[in-house]
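So this one's work_30.csv, CSV, C-alpha atoms:
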chain,number,residue,atom,x,y,z
S,1,MET,CA,-14.2,-0.8,-6.2
S,2,ASP,CA,-16.3,-2.8,-8.7
S,3,GLU,CA,-14.6,-1.0,-11.6
S,4,LEU,CA,-11.2,-2.0,-10.2
S,5,ARG,CA,-12.3,-5.7,-9.7
S,6,ALA,CA,-13.7,-5.9,-13.2
S,7,ALA,CA,-10.6,-4.3,-14.7
S,8,CYS,CA,-8.2,-6.6,-12.9
S,9,ALA,CA,-10.3,-9.7,-14.0
S,10,ARG,CA,-10.0,-8.5,-17.6
S,11,VAL,CA,-6.2,-7.9,-17.2
S,12,ALA,CA,-5.9,-11.4,-15.8
S,13,GLU,CA,-7.7,-12.8,-18.9
S,14,ARG,CA,-5.4,-11.0,-21.3
S,15,ALA,CA,-2.1,-11.1,-19.4
S,16,ALA,CA,0.9,-12.4,-21.4
S,17,SER,CA,3.6,-12.4,-18.6
S,18,VAL,CA,1.6,-13.4,-15.5
S,19,ARG,CA,-0.8,-16.2,-15.0
S,20,ILE,CA,-3.0,-17.2,-12.0
S,21,ALA,CA,-2.8,-20.9,-11.2
S,22,THR,CA,-6.6,-21.1,-10.7
S,23,GLU,CA,-6.4,-24.9,-10.1
S,24,ARG,CA,-4.5,-24.1,-6.8
S,25,ILE,CA,-6.8,-21.5,-5.4
S,26,ALA,CA,-9.2,-23.7,-3.4
S,27,ALA,CA,-6.4,-25.7,-1.6
S,28,TYR,CA,-4.4,-22.5,-1.0
S,29,ALA,CA,-7.4,-20.7,0.5
S,30,ALA,CA,-8.2,-23.6,2.7
S,31,GLY,CA,-4.6,-23.8,4.0
S,32,LEU,CA,-4.3,-20.1,5.0
S,33,PRO,CA,-4.3,-19.5,8.8
S,34,ALA,CA,-7.3,-17.8,10.3
S,35,PHE,CA,-5.8,-14.4,10.7
S,36,ALA,CA,-2.6,-12.8,12.0
S,37,PRO,CA,-2.3,-9.3,13.6
S,38,ALA,CA,0.0,-6.8,11.9
S,39,ALA,CA,3.7,-7.5,12.3
S,40,GLY,CA,6.1,-5.2,14.0
S,41,ALA,CA,5.9,-2.6,16.7
S,42,ASP,CA,5.5,0.4,14.5
S,43,ARG,CA,1.8,0.5,14.5
S,44,GLU,CA,1.0,3.9,15.9
S,45,PRO,CA,1.9,6.2,18.8
S,46,PRO,CA,-0.7,6.7,21.5
S,47,GLY,CA,-2.8,9.7,21.4
S,48,SER,CA,-6.2,11.2,20.7
S,49,ARG,CA,-8.4,10.3,17.8
S,50,GLU,CA,-7.2,13.4,15.9
S,51,GLU,CA,-3.6,12.4,16.5
S,52,ARG,CA,-4.2,8.9,15.3
S,53,ALA,CA,-5.9,10.1,12.2
S,54,ALA,CA,-2.9,12.5,11.6
S,55,PHE,CA,-0.5,9.6,12.0
S,56,TRP,CA,-2.1,7.2,9.6
S,57,LEU,CA,-2.9,9.8,6.9
S,58,THR,CA,0.7,11.2,7.2
S,59,LEU,CA,2.2,7.7,7.0
S,60,ASP,CA,0.1,6.5,4.2
S,61,ALA,CA,0.8,9.7,2.2
S,62,ILE,CA,4.4,8.5,2.1
S,63,ASN,CA,3.8,4.8,2.1
S,64,PHE,CA,5.5,4.3,-1.3
S,65,GLY,CA,9.0,4.2,-2.8
S,66,SER,CA,9.7,0.5,-2.5
S,67,GLY,CA,11.8,0.7,-5.7
S,68,TRP,CA,14.2,3.0,-3.8
S,69,PHE,CA,14.2,1.0,-0.5
S,70,PRO,CA,17.5,-0.8,-1.3
S,71,THR,CA,19.2,2.7,-1.4
S,72,LEU,CA,17.9,4.0,1.9
S,73,ARG,CA,19.7,4.0,5.2
S,74,LYS,CA,18.0,1.3,7.2
S,75,PRO,CA,18.7,0.2,10.8
S,76,GLU,CA,19.9,-3.4,11.1
S,77,GLY,CA,17.1,-5.8,10.5
S,78,ARG,CA,14.6,-3.2,9.4
S,79,SER,CA,12.8,-3.1,6.1
S,80,GLY,CA,12.3,0.1,4.1
S,81,TYR,CA,8.7,0.4,5.3
S,82,GLN,CA,9.7,-0.2,8.9
S,83,THR,CA,12.4,2.4,8.6
S,84,ILE,CA,9.9,5.0,7.4
S,85,ALA,CA,7.1,4.0,9.8
S,86,GLY,CA,9.5,3.9,12.8
S,87,GLY,CA,11.0,7.3,12.0
S,88,LEU,CA,7.5,8.8,11.7
S,89,ARG,CA,6.4,7.1,14.9
S,90,ARG,CA,9.3,8.6,16.9
S,91,ARG,CA,8.5,12.0,15.5
S,92,PHE,CA,4.9,11.8,16.7
S,93,GLU,CA,6.0,10.5,20.1
S,94,ASP,CA,8.6,13.2,20.6
S,95,ALA,CA,6.9,16.2,19.1
S,96,GLY,CA,3.4,15.3,18.1
S,97,PRO,CA,1.9,15.4,14.6
S,98,TRP,CA,2.6,18.1,12.1
S,99,SER,CA,-0.4,20.4,11.6
S,100,ALA,CA,-2.0,20.5,8.2
S,101,ARG,CA,-0.4,24.0,7.8
S,102,GLU,CA,3.0,22.6,8.6
S,103,LEU,CA,2.6,19.8,6.2
S,104,ALA,CA,1.5,22.2,3.4
S,105,ASP,CA,4.9,23.9,3.7
S,106,ILE,CA,7.2,20.9,4.5
S,107,GLU,CA,10.5,20.6,2.8
S,108,ALA,CA,12.5,17.5,1.9
S,109,ALA,CA,15.2,18.3,4.5
S,110,ALA,CA,12.6,18.2,7.3
S,111,ILE,CA,11.2,14.7,6.4
S,112,ALA,CA,14.8,13.5,5.7
S,113,ARG,CA,15.8,14.4,9.3
S,114,VAL,CA,12.8,12.6,10.7
S,115,LEU,CA,13.5,9.4,8.7
S,116,GLY,CA,17.3,9.6,9.1
S,117,GLN,CA,18.0,9.9,5.4
S,118,ASP,CA,20.1,12.0,3.0
S,119,PRO,CA,17.9,15.1,2.1
S,120,ARG,CA,19.3,14.9,-1.4
S,121,HIS,CA,17.8,11.4,-1.9
S,122,GLU,CA,15.2,11.6,-4.7
S,123,LEU,CA,12.6,9.9,-2.5
S,124,MET,CA,12.7,12.7,0.1
S,125,GLU,CA,11.4,15.3,-2.3
S,126,LEU,CA,8.7,12.9,-3.5
S,127,PHE,CA,7.7,12.4,0.2
S,128,ALA,CA,7.7,16.1,0.8
S,129,GLY,CA,5.6,16.8,-2.3
S,130,SER,CA,3.1,14.2,-1.2
S,131,LEU,CA,2.9,15.6,2.3
S,132,ARG,CA,2.5,19.1,1.0
S,133,GLY,CA,-0.5,17.8,-1.0
S,134,LEU,CA,-2.0,16.1,2.0
S,135,GLY,CA,-1.6,19.3,4.1
S,136,ALA,CA,-3.2,21.4,1.4
S,137,ARG,CA,-6.2,19.1,1.1
S,138,VAL,CA,-6.8,18.8,4.8
S,139,LEU,CA,-6.7,22.6,5.1
S,140,ALA,CA,-9.0,23.1,2.1
S,141,GLN,CA,-11.5,20.3,2.6
S,142,ALA,CA,-11.4,19.2,6.2
S,143,GLY,CA,-11.1,22.4,8.2
S,144,ALA,CA,-7.4,21.5,9.1
S,145,ARG,CA,-8.7,18.5,11.0
S,146,PHE,CA,-7.4,15.0,10.0
S,147,ALA,CA,-10.2,13.2,11.8
S,148,ALA,CA,-12.7,15.2,9.7
S,149,VAL,CA,-11.3,13.4,6.6
S,150,ALA,CA,-12.4,10.1,8.0
S,151,ASP,CA,-15.8,11.6,9.0
S,152,SER,CA,-16.5,12.9,5.5
S,153,ALA,CA,-17.3,9.5,4.1
S,154,GLY,CA,-20.4,8.8,6.3
S,155,GLY,CA,-19.1,5.5,7.5
S,156,SER,CA,-18.3,4.0,4.1
S,157,ALA,CA,-14.9,2.6,3.4
S,158,VAL,CA,-15.5,2.7,-0.4
S,159,ALA,CA,-16.6,6.3,-0.3
S,160,LEU,CA,-13.5,7.3,1.8
S,161,ALA,CA,-11.1,5.4,-0.5
S,162,LEU,CA,-12.6,7.0,-3.6
S,163,HIS,CA,-12.4,10.4,-1.9
S,164,LEU,CA,-8.8,10.0,-1.0
S,165,GLY,CA,-8.0,8.5,-4.4
S,166,GLY,CA,-9.1,11.8,-6.0
S,167,TRP,CA,-6.3,13.6,-4.1
S,168,PRO,CA,-3.0,13.8,-6.0
S,169,CYS,CA,-1.1,12.6,-2.9
S,170,PHE,CA,-3.0,9.3,-3.0
S,171,ALA,CA,-3.4,9.0,-6.8
S,172,ASP,CA,-2.8,5.5,-8.3
S,173,VAL,CA,-4.4,4.7,-11.7
S,174,SER,CA,-2.8,2.6,-14.4
S,175,PHE,CA,-3.7,1.8,-18.0
S,176,TYR,CA,-3.6,-1.5,-19.8
S,177,ASP,CA,-4.7,-2.3,-23.4
S,178,GLY,CA,-7.4,0.3,-23.3
S,179,LEU,CA,-8.4,-0.5,-19.7
S,180,THR,CA,-8.3,2.0,-16.8
S,181,VAL,CA,-7.2,0.2,-13.7
S,182,PRO,CA,-7.8,2.4,-10.6
S,183,PHE,CA,-5.6,0.4,-8.1
S,184,LEU,CA,-5.7,3.2,-5.4
S,185,LYS,CA,-3.4,1.1,-3.2
S,186,ARG,CA,-2.5,3.8,-0.7
S,187,ALA,CA,-6.0,5.3,-0.5
S,188,GLN,CA,-7.4,1.9,0.3
S,189,ILE,CA,-4.7,1.1,2.9
S,190,ALA,CA,-5.3,4.5,4.6
S,191,VAL,CA,-8.9,3.6,4.9
S,192,ALA,CA,-8.1,0.2,6.5
S,193,ASP,CA,-5.5,1.8,8.8
S,194,LEU,CA,-8.0,4.4,10.0
S,195,HIS,CA,-10.5,1.7,10.7
S,196,ARG,CA,-8.0,-0.5,12.6
S,197,ALA,CA,-6.9,2.5,14.6
S,198,GLY,CA,-10.4,3.2,15.8
S,199,VAL,CA,-10.6,6.5,14.0
S,200,ALA,CA,-13.5,5.5,11.7
S,201,GLU,CA,-16.1,2.8,12.0
S,202,LEU,CA,-16.6,1.6,8.4
S,203,ALA,CA,-19.4,-0.8,7.6
S,204,ASP,CA,-18.3,-1.9,4.1
S,205,LEU,CA,-14.6,-2.6,4.7
S,206,ASP,CA,-15.1,-6.0,2.9
S,207,ARG,CA,-15.7,-4.1,-0.3
S,208,LEU,CA,-12.1,-2.9,-0.4
S,209,THR,CA,-9.7,-4.9,-2.6
S,210,MET,CA,-6.2,-6.2,-1.9
S,211,PHE,CA,-3.7,-3.3,-1.6
S,212,ALA,CA,-1.8,-3.9,-4.8
S,213,ASP,CA,2.0,-3.5,-4.1
S,214,ASN,CA,5.1,-5.6,-4.9
S,215,LEU,CA,5.2,-7.8,-1.8
S,216,VAL,CA,1.8,-9.7,-1.9
S,217,PRO,CA,2.4,-10.6,-5.6
S,218,HIS,CA,5.8,-11.9,-4.6
S,219,VAL,CA,4.4,-14.1,-1.8
S,220,LEU,CA,1.7,-15.4,-4.2
S,221,ARG,CA,4.4,-16.2,-6.8
S,222,LEU,CA,6.6,-18.1,-4.4
S,223,ASP,CA,3.6,-19.9,-3.0
S,224,GLY,CA,2.7,-21.1,-6.6
S,225,VAL,CA,-0.5,-19.1,-7.0
S,226,LEU,CA,1.0,-16.7,-9.5
S,227,ARG,CA,3.2,-17.8,-12.4
S,228,PHE,CA,5.5,-15.3,-14.1
S,229,ASP,CA,7.0,-15.7,-17.6
S,230,PRO,CA,10.6,-16.9,-17.2
S,231,ALA,CA,12.0,-13.8,-18.8
S,232,LEU,CA,10.2,-11.6,-16.3
S,233,VAL,CA,11.5,-13.8,-13.4
S,234,ALA,CA,15.0,-13.5,-14.8
S,235,ALA,CA,14.8,-9.7,-15.0
S,236,ILE,CA,13.5,-9.4,-11.4
S,237,GLU,CA,16.2,-11.7,-10.1
S,238,ARG,CA,18.9,-9.6,-11.9
S,239,GLY,CA,17.6,-6.6,-10.0
S,240,GLU,CA,16.2,-4.8,-13.1
S,241,LEU,CA,13.6,-2.2,-12.4
S,242,ILE,CA,10.2,-3.0,-13.9
S,243,ALA,CA,8.8,0.2,-15.3
S,244,HIS,CA,5.7,1.5,-13.5
S,245,GLY,CA,2.7,1.3,-15.9
S,246,SER,CA,4.4,-1.2,-18.2
S,247,PRO,CA,2.3,-4.2,-19.2
S,248,GLU,CA,4.3,-6.5,-17.0
S,249,GLU,CA,4.0,-4.3,-14.0
S,250,VAL,CA,0.2,-3.8,-14.4
S,251,GLU,CA,-0.2,-7.6,-14.9
S,252,ILE,CA,1.7,-8.3,-11.7
S,253,ARG,CA,-0.5,-6.0,-9.6
S,254,ALA,CA,-3.8,-6.9,-11.3
S,255,CYS,CA,-3.3,-10.6,-11.4
S,256,ALA,CA,-2.4,-10.6,-7.7
S,257,LEU,CA,-5.5,-8.5,-6.9
S,258,HIS,CA,-7.7,-10.9,-8.9
S,259,ALA,CA,-6.1,-13.9,-7.3
S,260,VAL,CA,-6.9,-12.5,-3.8
S,261,GLU,CA,-10.5,-12.1,-5.0
S,262,LEU,CA,-10.6,-15.8,-6.0
S,263,ILE,CA,-9.1,-16.7,-2.6
S,264,VAL,CA,-11.8,-14.8,-0.8
S,265,ALA,CA,-14.5,-16.4,-2.9
S,266,ALA,CA,-13.1,-19.8,-1.9
S,267,ARG,CA,-12.8,-18.9,1.8
S,268,PRO,CA,-16.2,-17.9,3.2
S,269,GLY,CA,-16.0,-15.3,5.9
S,270,SER,CA,-12.8,-13.7,4.7
S,271,CYS,CA,-12.3,-10.3,3.0
S,272,PRO,CA,-9.5,-9.0,0.7
S,273,ALA,CA,-8.1,-6.6,3.3
S,274,ALA,CA,-7.6,-9.4,5.8
S,275,VAL,CA,-6.1,-11.8,3.3
S,276,ASP,CA,-3.8,-8.9,2.1
S,277,GLN,CA,-2.5,-8.3,5.7
S,278,LEU,CA,-2.0,-12.0,6.3
S,279,LEU,CA,0.1,-12.4,3.0
S,280,TRP,CA,2.0,-9.2,3.7
S,281,ASN,CA,3.0,-10.5,7.1
S,282,ARG,CA,4.0,-13.8,5.6
S,283,GLY,CA,6.2,-11.8,3.2
S,284,GLN,CA,8.3,-10.7,6.2
S,285,GLU,CA,9.6,-14.2,6.7
S,286,PRO,CA,13.2,-14.9,5.7
S,287,ARG,CA,12.3,-17.4,2.9
S,288,TYR,CA,10.4,-14.7,1.0
S,289,LYS,CA,13.0,-12.0,1.7
S,290,ALA,CA,15.7,-14.2,0.4
S,291,VAL,CA,14.3,-14.1,-3.1
S,292,PRO,CA,14.2,-10.8,-5.1
S,293,ARG,CA,10.8,-9.3,-5.8
S,294,HIS,CA,9.9,-6.9,-8.5
S,295,ARG,CA,10.9,-3.2,-8.0
S,296,SER,CA,9.3,-0.2,-9.6
S,297,ARG,CA,10.2,3.4,-8.8
S,298,CYS,CA,6.9,5.1,-8.4
S,299,THR,CA,4.6,6.8,-5.9
S,300,ALA,CA,2.0,4.0,-6.1
S,301,TYR,CA,3.7,1.6,-3.6
Would you mind giving the structure from this file in structure tokens?
Amino acid sequence: MDELRAACARVAERAASVRIATERIAAYAAGLPAFAPAAGADREPPGSREERAAFWLTLDAINFGSGWFPTLRKPEGRSGYQTIAGGLRRRFEDAGPWSARELADIEAAAIARVLGQDPRHELMELFAGSLRGLGARVLAQAGARFAAVADSAGGSAVALALHLGGWPCFADVSFYDGLTVPFLKRAQIAVADLHRAGVAELADLDRLTMFADNLVPHVLRLDGVLRFDPALVAAIERGELIAHGSPEEVEIRACALHAVELIVAARPGSCPAAVDQLLWNRGQEPRYKAVPRHRSRCTAY
């Protein structure tokens, strides 16, 4: 994670379209509430440790596609993520988890039925491809046991994040002006989810970074911690897609990640994962949802 932190700090120094309002960091950090539990009821179905491990690895393998979320069928009042998490939760409650073998062979139509979506939607095949990759890796490297994936890291959150980040189904590396930026958003959030669910006891969870997506940067922008170039703001508000891997998109994610590092430094006792969750929950409030955030069509987030 040190490589990621250093890369994001360098991106923040060079960024042309996004700036961190460093003069606001101390007051912003001091004004954040202590901590808030995860929002919503779609946390996880009850079950054994193995079933909980299967749930979180399965969900985080498809925890992407926010650029397509406006085109999904969503129940009234539900976000794209809540629609996906809720559909998967119902599947686990009704029929239990898919086995690693079943995931290795899953088709778009099967995941579409679970999520209540059109099987022809582009995102369904991307989901199915990621789940096939997850199933194949669990079969090949963990003896078909999802909990064994968590056990493989020897109690280290960083080791587990790097291990998952090496799997194609969790891959998330960007490039910027000669820099390699290994965001590993979904690999890191899977690690945090496995820890929160009691699947893994991880001693170095504080070494994870913010989970770089499009919601926490949006919250930080509206809260005045990030400042976007007016042309970028105008494009976002027109609903234009921001190309994944473009300088602007990498700057949004990297500057948000570095800003959270600065917030943590100004707030003793906090850690990036906790600040991320707090800001993500804040982003569910109507005042943040009323303003467009950037959308990129990718498998990173």
> With all atoms listed in the file as the atoms that count, which of S:Asp223, S:Glu50, S:Asp213, S:Glu76 lies nearest to Lys185 of chain S?
Replying inline: S:Asp213
>> Between atom CA of Pro230 of chain S and atom CA of Asp172 of chain S, what is the distance in Å, rounded to a tenth?
In response: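 Going from atom CA of Pro230 of chain S over to atom CA of Asp172 of chain S, I get 27.6 Å.
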> When you draw a straight line from atom CA of Gly198 of chain S to atom CA of Ala95 of chain S, how long is it in Å?
Replying inline: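 Taking atom CA of Gly198 of chain S and atom CA of Ala95 of chain S, their separation equals 21.9 Å.
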>> Can you tell me which residues surround segment 132-134 of chain S at a distance of at most 9 Å, considering only C-alpha atoms, apart from same-chain residues fewer than 5 positions away, and format the answer as an NGL selection string?
In response: :S and (57-58 or 61 or 100-107 or 127 or 139 or 167-170)
Which polymer residues have any atom within 12 Å of an atom of Ala110 of chain S, counting all atoms listed in the file, with same-chain residues fewer than 4 positions away left out, as a PDB file with C-alpha atoms, keeping the file's coordinate frame?
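Result file follows (selection12.pdb):
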ATOM      1  CA  GLY S  87      11.000   7.300  12.000  1.00  0.00           C
ATOM      2  CA  LEU S  88       7.500   8.800  11.700  1.00  0.00           C
ATOM      3  CA  ARG S  91       8.500  12.000  15.500  1.00  0.00           C
ATOM      4  CA  TRP S  98       2.600  18.100  12.100  1.00  0.00           C
ATOM      5  CA  GLU S 102       3.000  22.600   8.600  1.00  0.00           C
ATOM      6  CA  LEU S 103       2.600  19.800   6.200  1.00  0.00           C
ATOM      7  CA  ASP S 105       4.900  23.900   3.700  1.00  0.00           C
ATOM      8  CA  ILE S 106       7.200  20.900   4.500  1.00  0.00           C
ATOM      9  CA  VAL S 114      12.800  12.600  10.700  1.00  0.00           C
ATOM     10  CA  LEU S 115      13.500   9.400   8.700  1.00  0.00           C
ATOM     11  CA  GLY S 116      17.300   9.600   9.100  1.00  0.00           C
ATOM     12  CA  GLN S 117      18.000   9.900   5.400  1.00  0.00           C
ATOM     13  CA  ASP S 118      20.100  12.000   3.000  1.00  0.00           C
ATOM     14  CA  PRO S 119      17.900  15.100   2.100  1.00  0.00           C
ATOM     15  CA  ARG S 120      19.300  14.900  -1.400  1.00  0.00           C
ATOM     16  CA  MET S 124      12.700  12.700   0.100  1.00  0.00           C
ATOM     17  CA  GLU S 125      11.400  15.300  -2.300  1.00  0.00           C
ATOM     18  CA  PHE S 127       7.700  12.400   0.200  1.00  0.00           C
ATOM     19  CA  ALA S 128       7.700  16.100   0.800  1.00  0.00           C
ATOM     20  CA  GLY S 129       5.600  16.800  -2.300  1.00  0.00           C
ATOM     21  CA  LEU S 131       2.900  15.600   2.300  1.00  0.00           C
ATOM     22  CA  ARG S 132       2.500  19.100   1.000  1.00  0.00           C
TER      23      ARG S 132
END
